[in-house]
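Peer 1: Structure in structure tokens, see below.
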Amino acid sequence: MKEIELTKFLVSFNGHIEYVIFPAGVFDEQLYIQYEVVWGIDWDPKSGLCTGTSQMARPGSDPEKVIFNMPVEMVLGSTNIFGWPQLVVTVRAKNFFSGDTLRGYALFLLPPVAGTHEMTAPLVIPRSATMLGEWLAWLTGRQPELVDPRMLATGKENYLLRTESYGHVRLKMTMVSKDMRKLGYDNMAHFL
Amino acid sequence: MAELHIIGQLQSASDFNDPNSLFCRYSFQTGPNWTLISGFSEGQTASGKENFKNSVEWVHPLDLHYVCKGIQGWPKIILQVSCLDSIGRSWVVGYGCCALPSTPGYHTIKVPCWVPAATTVTERLKQYFIGGGHELTQTDIINLGSDRFKLITQSRGEIKLNICIVLRNLTQFGVEYK
């Protein structure tokens with residue numbers, strides 16, 4: 001077989017968004033999550049779903065925990081580590097009276113190291129920048145939301161946001177890479 | 001040329017015990033051998049309120065790609081935490097600096113912070129009731145060890161960074177990092 005020059009590496013992510021924790025209990029009828037995988041310019045997806053919406057879930061015997069076990073499976077290819085894929089998780093609640101409301105955004109860096117990783121990310125909720133906005137949010141029951149949650153992954157315009165955090169999301173992710181070491185990359189703490 | 005990727009998150013600040021929301025400005029500093037190819041070496045996080053665990057969650061993404069000719073001046077991150085109060089005033093509440101690790105893989109870095117303290121009683125009262133604080137005019141004191149003797153500082157909380165280092169072709173040039 002003819003030897004072709006290697007320029008691309010492949011990364012496979014395989015895992016689950018396991019559960020969401022709200023430390024003071026869940027008072028919503030149903031919660032659901034949406035996820036998006038965001039990557040940089042040199043990257044392109046090879047297979048798998050880059051966005052998804054989970055089932056409607058409610059807590060069980062543990063009133064703080066809502067289990068989704070939402071699978072995330074993606075294979076991406078790139079020539080450059082820059083723009084490493086990130087996962088943006090949006091947690092939303094559905095109630096009879098208040099309708100569909102935001103519960104927070106979580107941002108994960110998908111693991112750049114091979115192996116299984118368990119990660120937690122805090123849920124961040126945008127807050128109104130002005131007092132009037134805060135009153136309006138309280139009156140109407142509609143909290144500010146991001147038009148495009150993917151902006152959290154770019155980090156360029158974040159400084160305009162005011163946020164609060166409450167709760168966290170748990171992710172278990174396995175990363176397997178191909179040809180990264182051949183391209184000269186070293187991402188492991190020890191040689192195995 | 002050897003390459004260095006810094007990917008990760010400026011995760012949180014804890015134990016600042018500030019009722020106002022906090023944000024952080026960061027900048028990466030390197031020696032003359034280093035060139036930034038892509039990414040931003042400076043930035044500012046969102047301003048977040050402390051949660052019930054006394055920590056402000058920023059989760060600000062970091063993604064930098066450096067090329068280096070020599071390992072002198074390995075990147076450092078310089079952090080400046082400021083607060084933003086309800087009427088839009090802001091002042092510095094912490095300075096911190098940390099050298100980035102040179103081994104590849106995950107690193108959780110906790111950067112303890114300090115701030116110039118109020119020196120007189122009146123100043124202390126003013127800071128307590130009105131707010132505000134001292135700011136450094138020469139910010140290079142944050143990452144340099146010289147000229148610190150005259151500075152009176154107060155200890156503040158910690159900043160947590162989750163960083164993953166990926167190196168490329170460093171062993172080819174004879175650099176031994178593990």
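Ordered as shown in the structure tokens, chains take letters A, B, and onward, while each chain numbers its residues from 1 and ligands are numbered from 1 in the order shown.
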Please provide as a ChimeraX atom specification all residues within 8 Å of Val75 (chain A), with the sequence filter that same-chain residues fewer than 2 positions apart are discarded (counting only C-alpha atoms).
Peer 2: /A:10-13,45-48,73,77
Peer 1: With N, CA and C atoms kept, could you save the residues just selected as a PDB file, in the first residue's frame?
Peer 2:
```pdb
ATOM      1  N   LEU A  10      -8.019  11.467  14.207  1.00  0.00           N
ATOM      2  CA  LEU A  10      -9.429  11.270  14.513  1.00  0.00           C
ATOM      3  C   LEU A  10      -9.607  11.127  16.023  1.00  0.00           C
ATOM      4  N   VAL A  11     -10.695  11.647  16.514  1.00  0.00           N
ATOM      5  CA  VAL A  11     -10.998  11.535  17.936  1.00  0.00           C
ATOM      6  C   VAL A  11     -12.424  11.028  18.077  1.00  0.00           C
ATOM      7  N   SER A  12     -12.587  10.051  18.911  1.00  0.00           N
ATOM      8  CA  SER A  12     -13.925   9.513  19.141  1.00  0.00           C
ATOM      9  C   SER A  12     -14.329   9.778  20.589  1.00  0.00           C
ATOM     10  N   PHE A  13     -15.514  10.315  20.738  1.00  0.00           N
ATOM     11  CA  PHE A  13     -16.054  10.561  22.076  1.00  0.00           C
ATOM     12  C   PHE A  13     -17.286   9.695  22.252  1.00  0.00           C
ATOM     13  N   PRO A  45     -16.951  16.982  11.687  1.00  0.00           N
ATOM     14  CA  PRO A  45     -17.548  15.788  12.255  1.00  0.00           C
ATOM     15  C   PRO A  45     -17.529  14.638  11.249  1.00  0.00           C
ATOM     16  N   LYS A  46     -17.262  13.445  11.746  1.00  0.00           N
ATOM     17  CA  LYS A  46     -17.250  12.270  10.871  1.00  0.00           C
ATOM     18  C   LYS A  46     -18.514  11.444  11.049  1.00  0.00           C
ATOM     19  N   SER A  47     -18.923  11.283  12.279  1.00  0.00           N
ATOM     20  CA  SER A  47     -20.175  10.562  12.509  1.00  0.00           C
ATOM     21  C   SER A  47     -20.727  10.954  13.863  1.00  0.00           C
ATOM     22  N   GLY A  48     -21.981  10.618  14.073  1.00  0.00           N
ATOM     23  CA  GLY A  48     -22.615  10.918  15.356  1.00  0.00           C
ATOM     24  C   GLY A  48     -23.438  12.182  15.284  1.00  0.00           C
ATOM     25  N   GLU A  73     -22.429  10.501  21.329  1.00  0.00           N
ATOM     26  CA  GLU A  73     -21.433   9.727  20.590  1.00  0.00           C
ATOM     27  C   GLU A  73     -21.024  10.518  19.372  1.00  0.00           C
ATOM     28  N   GLY A  77     -12.755  14.691  13.226  1.00  0.00           N
ATOM     29  CA  GLY A  77     -11.410  14.664  12.676  1.00  0.00           C
ATOM     30  C   GLY A  77     -10.869  16.069  12.580  1.00  0.00           C
TER      31      GLY A  77
END
```
Peer 1: Excluding region 84-95 of chain A and its own-chain neighbours fewer than 6 positions away, which residues fall within 6 Å of it when counting only C-alpha atoms? Please give them as a PyMOL selection string.
Peer 2: chain A and resi 29-39+101-110
Peer 1: Output the selection as a CSV table (one decimal), in the first residue's frame - N, CA and C atoms for each residue.
Peer 2:
```csv
chain,number,residue,atom,x,y,z
A,29,GLU,N,-41.9,20.2,37.3
A,29,GLU,CA,-42.6,19.0,37.0
A,29,GLU,C,-41.7,18.1,36.1
A,30,GLN,N,-41.1,18.7,35.1
A,30,GLN,CA,-40.3,17.9,34.2
A,30,GLN,C,-39.1,18.7,33.8
A,31,LEU,N,-38.0,18.1,33.7
A,31,LEU,CA,-36.7,18.7,33.2
A,31,LEU,C,-36.3,18.0,31.9
A,32,TYR,N,-35.7,18.8,31.1
A,32,TYR,CA,-35.1,18.1,29.9
A,32,TYR,C,-33.8,18.9,29.6
A,33,ILE,N,-32.9,18.2,28.8
A,33,ILE,CA,-31.6,18.8,28.5
A,33,ILE,C,-31.5,18.8,27.0
A,34,GLN,N,-30.8,19.8,26.5
A,34,GLN,CA,-30.4,19.8,25.1
A,34,GLN,C,-28.9,19.9,25.1
A,35,TYR,N,-28.2,19.2,24.2
A,35,TYR,CA,-26.8,19.3,24.1
A,35,TYR,C,-26.3,19.7,22.7
A,36,GLU,N,-25.2,20.4,22.6
A,36,GLU,CA,-24.6,20.8,21.4
A,36,GLU,C,-23.1,20.5,21.5
A,37,VAL,N,-22.5,20.0,20.5
A,37,VAL,CA,-21.1,19.9,20.4
A,37,VAL,C,-20.6,21.0,19.6
A,38,VAL,N,-19.6,21.8,20.1
A,38,VAL,CA,-19.1,22.9,19.4
A,38,VAL,C,-17.6,22.7,19.1
A,39,TRP,N,-17.1,23.0,17.9
A,39,TRP,CA,-15.7,22.7,17.6
A,39,TRP,C,-15.2,23.9,16.8
A,101,THR,N,-39.0,27.0,30.9
A,101,THR,CA,-38.1,28.0,31.4
A,101,THR,C,-36.7,27.4,31.5
A,102,LEU,N,-35.7,28.3,31.5
A,102,LEU,CA,-34.3,27.9,31.5
A,102,LEU,C,-33.9,27.6,32.9
A,103,ARG,N,-33.1,26.5,33.1
A,103,ARG,CA,-32.5,26.2,34.4
A,103,ARG,C,-31.0,26.4,34.4
A,104,GLY,N,-30.4,26.5,33.3
A,104,GLY,CA,-29.0,26.8,33.2
A,104,GLY,C,-28.2,26.2,32.1
A,105,TYR,N,-27.0,26.7,31.9
A,105,TYR,CA,-26.1,26.2,30.9
A,105,TYR,C,-24.9,25.6,31.5
A,106,ALA,N,-24.4,24.5,30.9
A,106,ALA,CA,-23.2,23.9,31.4
A,106,ALA,C,-22.2,23.7,30.2
A,107,LEU,N,-21.0,24.0,30.5
A,107,LEU,CA,-20.0,23.9,29.4
A,107,LEU,C,-18.9,22.9,29.8
A,108,PHE,N,-18.7,21.9,29.0
A,108,PHE,CA,-17.7,20.9,29.2
A,108,PHE,C,-16.7,21.0,28.1
A,109,LEU,N,-15.4,20.8,28.5
A,109,LEU,CA,-14.4,20.5,27.4
A,109,LEU,C,-14.3,19.0,27.3
A,110,LEU,N,-14.6,18.5,26.1
A,110,LEU,CA,-14.5,17.1,25.9
A,110,LEU,C,-13.1,16.6,26.2
```
Peer 1: Got a sec to pull out which chain A residues are within 7 Å of chain B, counting only C-alpha atoms, and send them as an mmCIF file with C-alpha atoms, in the first residue's frame?
Peer 2:
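Dumped to selection.cif:
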```cif
data_model
loop_
_atom_site.group_PDB
_atom_site.id
_atom_site.type_symbol
_atom_site.label_atom_id
_atom_site.label_comp_id
_atom_site.auth_asym_id
_atom_site.auth_seq_id
_atom_site.Cartn_x
_atom_site.Cartn_y
_atom_site.Cartn_z
ATOM 1 C CA PHE A 82 -6.902 24.199 18.394
ATOM 2 C CA GLY A 83 -10.668 24.391 18.594
ATOM 3 C CA LEU A 107 -19.979 23.877 29.433
ATOM 4 C CA LEU A 109 -14.385 20.546 27.447
ATOM 5 C CA VAL A 113 -6.752 12.681 27.085
ATOM 6 C CA PRO A 122 -21.724 23.934 37.129
ATOM 7 C CA ALA A 153 -17.829 27.973 24.154
ATOM 8 C CA THR A 154 -16.128 30.776 22.240
ATOM 9 C CA GLY A 155 -15.490 32.898 25.315
ATOM 10 C CA ASN A 158 -18.778 36.402 27.733
ATOM 11 C CA TYR A 159 -17.649 39.491 29.573
ATOM 12 C CA LEU A 160 -20.966 41.170 28.796
ATOM 13 C CA LEU A 161 -22.845 38.545 30.744
ATOM 14 C CA ARG A 162 -23.921 38.570 34.346
ATOM 15 C CA THR A 163 -24.458 35.154 35.738
ATOM 16 C CA GLU A 164 -25.375 33.104 38.731
ATOM 17 C CA SER A 165 -24.751 29.450 39.280
ATOM 18 C CA TYR A 166 -26.861 26.770 40.805
ATOM 19 C CA GLY A 184 3.799 14.172 17.237
ATOM 20 C CA TYR A 185 1.169 15.140 19.771
ATOM 21 C CA ASP A 186 1.634 14.184 23.377
ATOM 22 C CA ASN A 187 -1.438 14.469 25.537
ATOM 23 C CA MET A 188 -0.787 11.773 28.121
ATOM 24 C CA ALA A 189 0.649 12.351 31.554
#
```
Peer 1: Grab the CA of Lys8 (chain A) to CA of Leu49 (chain A) distance for me, in Å with one decimal place.
Peer 2: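 Separation of CA of Lys8 (chain A) and CA of Leu49 (chain A): 20.8 Å.
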Peer 1: Considering only C-alpha atoms, can you say which of A:Val169, A:Val26, A:Leu132, A:Leu183 comes closest to Asn69 (chain A)?
Peer 2: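 Among the listed residues, the smallest separation from Asn69 (chain A) belongs to A:Val169.
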Peer 1: So which one's closest to Pro101 (chain B), B:Leu144, B:Leu136, B:Leu10, B:Ile77? Using only C-alpha atoms, please.
Peer 2: B:Ile77
Peer 1: Compile the contact shell of Ala118 (chain B) as a PyMOL selection string: residues with an atom at most 8 Å away, counting only C-alpha atoms, same-chain residues fewer than 4 positions apart removed.
Peer 2: chain B and resi 123-124+127+133-134
Peer 1: For Ala13 (chain B), which of B:Phe149, B:Trp34, B:Phe28, B:Tyr95 is the closest residue, counting only C-alpha atoms?
Peer 2: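 Of B:Phe149, B:Trp34, B:Phe28, B:Tyr95, the one nearest Ala13 (chain B) is B:Tyr95, counting only C-alpha atoms.
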Peer 1: For each of A:Thr120, A:Thr7, A:Ser128, A:Gln55, take the minimum atom-to-atom distance to Ser78 (chain A), counting only C-alpha atoms, then give the residue where this is smallest.
Peer 2: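 Going through A:Thr120, A:Thr7, A:Ser128, A:Gln55 one by one, the smallest distance to Ser78 (chain A) is for A:Thr7.
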Peer 1: Got a sec to tell me which of region 109-164 of chain A DSSP assigns to alpha helix (DSSP H), as number ranges by chain?
Peer 2: A: 131-140, 151-154
Peer 1: Which residues in chain B does DSSP call strand (DSSP E)? List them as JSON, numbers by chain.
Peer 2: {"B": [2, 3, 4, 5, 6, 7, 8, 9, 10, 11, 12, 13, 14, 21, 22, 23, 24, 25, 26, 27, 28, 29, 34, 35, 36, 37, 38, 42, 43, 44, 47, 48, 55, 56, 57, 58, 59, 60, 61, 62, 63, 64, 65, 66, 67, 68, 76, 77, 78, 79, 80, 81, 82, 83, 84, 90, 91, 92, 93, 94, 95, 96, 97, 98, 99, 105, 106, 107, 108, 109, 110, 111, 112, 113, 114, 115, 116, 153, 154, 155, 156, 157, 158, 159, 160, 161, 162, 163, 164, 165, 166, 167, 168]}
Peer 1: Would you mind exporting the chosen residues as an mmCIF file, in the first residue's frame, restricted to C-alpha atoms?
Peer 2:
```cif
data_model
loop_
_atom_site.group_PDB
_atom_site.id
_atom_site.type_symbol
_atom_site.label_atom_id
_atom_site.label_comp_id
_atom_site.auth_asym_id
_atom_site.auth_seq_id
_atom_site.Cartn_x
_atom_site.Cartn_y
_atom_site.Cartn_z
ATOM 1 C CA ALA B 2 7.618 22.520 18.837
ATOM 2 C CA GLU B 3 4.051 23.362 19.660
ATOM 3 C CA LEU B 4 2.072 23.787 22.828
ATOM 4 C CA HIS B 5 -1.667 23.695 23.169
ATOM 5 C CA ILE B 6 -3.377 25.012 26.242
ATOM 6 C CA ILE B 7 -6.988 23.985 26.412
ATOM 7 C CA GLY B 8 -9.196 24.186 29.404
ATOM 8 C CA GLN B 9 -11.382 26.364 31.489
ATOM 9 C CA LEU B 10 -11.060 29.215 33.891
ATOM 10 C CA GLN B 11 -13.334 27.410 36.263
ATOM 11 C CA SER B 12 -14.201 29.349 39.384
ATOM 12 C CA ALA B 13 -13.188 31.593 42.220
ATOM 13 C CA SER B 14 -13.805 30.565 45.772
ATOM 14 C CA SER B 21 -20.537 39.742 41.346
ATOM 15 C CA LEU B 22 -16.978 38.939 40.367
ATOM 16 C CA PHE B 23 -15.266 38.736 37.031
ATOM 17 C CA CYS B 24 -11.741 37.909 36.008
ATOM 18 C CA ARG B 25 -9.397 39.334 33.418
ATOM 19 C CA TYR B 26 -6.650 37.021 32.368
ATOM 20 C CA SER B 27 -3.633 37.285 30.167
ATOM 21 C CA PHE B 28 -1.023 34.771 29.155
ATOM 22 C CA GLN B 29 2.563 35.947 29.224
ATOM 23 C CA TRP B 34 7.037 31.947 21.952
ATOM 24 C CA THR B 35 4.519 32.950 19.299
ATOM 25 C CA LEU B 36 0.799 32.654 19.589
ATOM 26 C CA ILE B 37 -0.634 31.129 16.427
ATOM 27 C CA SER B 38 -4.298 30.984 17.278
ATOM 28 C CA GLU B 42 -6.215 37.960 26.855
ATOM 29 C CA GLY B 43 -9.806 37.912 27.873
ATOM 30 C CA GLN B 44 -12.447 38.563 30.432
ATOM 31 C CA SER B 47 -19.393 38.388 35.975
ATOM 32 C CA GLY B 48 -20.919 35.870 38.294
ATOM 33 C CA SER B 55 -17.738 30.132 44.819
ATOM 34 C CA VAL B 56 -18.265 32.026 41.597
ATOM 35 C CA GLU B 57 -18.535 29.748 38.595
ATOM 36 C CA TRP B 58 -17.178 31.290 35.415
ATOM 37 C CA VAL B 59 -16.440 28.233 33.263
ATOM 38 C CA HIS B 60 -14.653 30.408 30.766
ATOM 39 C CA PRO B 61 -13.132 28.454 27.857
ATOM 40 C CA LEU B 62 -9.418 28.779 27.138
ATOM 41 C CA ASP B 63 -7.871 27.583 23.899
ATOM 42 C CA LEU B 64 -4.411 28.697 22.871
ATOM 43 C CA HIS B 65 -1.891 27.417 20.392
ATOM 44 C CA TYR B 66 1.754 28.409 20.832
ATOM 45 C CA VAL B 67 4.819 27.653 18.813
ATOM 46 C CA CYS B 68 8.157 27.831 20.574
ATOM 47 C CA LYS B 76 2.317 32.079 32.638
ATOM 48 C CA ILE B 77 -1.212 33.147 33.328
ATOM 49 C CA ILE B 78 -1.867 36.399 35.113
ATOM 50 C CA LEU B 79 -5.225 36.866 36.713
ATOM 51 C CA GLN B 80 -7.006 39.911 37.983
ATOM 52 C CA VAL B 81 -10.305 39.470 39.752
ATOM 53 C CA SER B 82 -12.599 42.466 39.980
ATOM 54 C CA CYS B 83 -16.024 42.942 41.435
ATOM 55 C CA LEU B 84 -18.989 44.625 39.880
ATOM 56 C CA SER B 90 -16.027 47.937 39.712
ATOM 57 C CA TRP B 91 -12.701 47.608 41.475
ATOM 58 C CA VAL B 92 -9.967 45.042 41.829
ATOM 59 C CA VAL B 93 -10.371 42.415 44.541
ATOM 60 C CA GLY B 94 -7.537 40.047 43.721
ATOM 61 C CA TYR B 95 -4.357 39.490 41.765
ATOM 62 C CA GLY B 96 -2.846 36.139 40.996
ATOM 63 C CA CYS B 97 -0.241 34.567 38.810
ATOM 64 C CA CYS B 98 0.715 31.031 38.020
ATOM 65 C CA ALA B 99 3.216 29.265 35.803
ATOM 66 C CA GLY B 105 -2.468 15.959 30.446
ATOM 67 C CA TYR B 106 -4.996 17.354 32.879
ATOM 68 C CA HIS B 107 -4.066 19.812 35.555
ATOM 69 C CA THR B 108 -6.210 21.448 38.181
ATOM 70 C CA ILE B 109 -4.492 24.615 39.248
ATOM 71 C CA LYS B 110 -5.496 26.669 42.241
ATOM 72 C CA VAL B 111 -4.146 30.177 42.213
ATOM 73 C CA PRO B 112 -4.258 31.966 45.559
ATOM 74 C CA CYS B 113 -4.897 35.680 45.248
ATOM 75 C CA TRP B 114 -3.919 38.810 47.098
ATOM 76 C CA VAL B 115 -4.890 42.446 46.853
ATOM 77 C CA PRO B 116 -3.262 45.689 48.046
ATOM 78 C CA THR B 153 -1.399 43.138 50.869
ATOM 79 C CA GLN B 154 -4.369 41.251 52.077
ATOM 80 C CA SER B 155 -5.106 37.618 51.290
ATOM 81 C CA ARG B 156 -8.135 36.783 49.221
ATOM 82 C CA GLY B 157 -9.650 33.640 47.793
ATOM 83 C CA GLU B 158 -8.515 31.141 45.227
ATOM 84 C CA ILE B 159 -9.046 30.842 41.507
ATOM 85 C CA LYS B 160 -9.414 27.384 40.050
ATOM 86 C CA LEU B 161 -8.245 26.544 36.561
ATOM 87 C CA ASN B 162 -8.766 23.275 34.749
ATOM 88 C CA ILE B 163 -6.165 23.033 32.071
ATOM 89 C CA CYS B 164 -5.093 20.351 29.686
ATOM 90 C CA ILE B 165 -1.659 20.661 28.127
ATOM 91 C CA VAL B 166 -0.942 19.005 24.803
ATOM 92 C CA LEU B 167 2.593 19.169 23.478
ATOM 93 C CA ARG B 168 3.795 18.474 19.994
#
```
Peer 1: For CA of Val121 (chain B) and CA of Ile142 (chain B), determine how far apart the two atoms are, in Å to one decimal place.
Peer 2: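 Going from CA of Val121 (chain B) over to CA of Ile142 (chain B) covers 25.7 Å.
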Peer 1: State, in Å with one decimal place, the distance from CA of Gly115 (chain A) to CA of Met173 (chain A).
Peer 2: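 Distance between the two atoms: 8.1 Å.
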Peer 1: Go through A:Thr51, A:Ser177, A:Thr140, A:Thr116 and flag the residue nearest Ser98 (chain A), using only C-alpha atoms for the distances.
Peer 2: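 Smallest distance to Ser98 (chain A) is found for A:Thr140.
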Peer 1: Find the residue from A:Gly167, A:Ser54, A:Gly141, A:Phe96 that sits nearest to Phe22 (chain A); use only C-alpha atoms when measuring.
Peer 2: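 Selected residue with least distance to Phe22 (chain A): A:Gly167.
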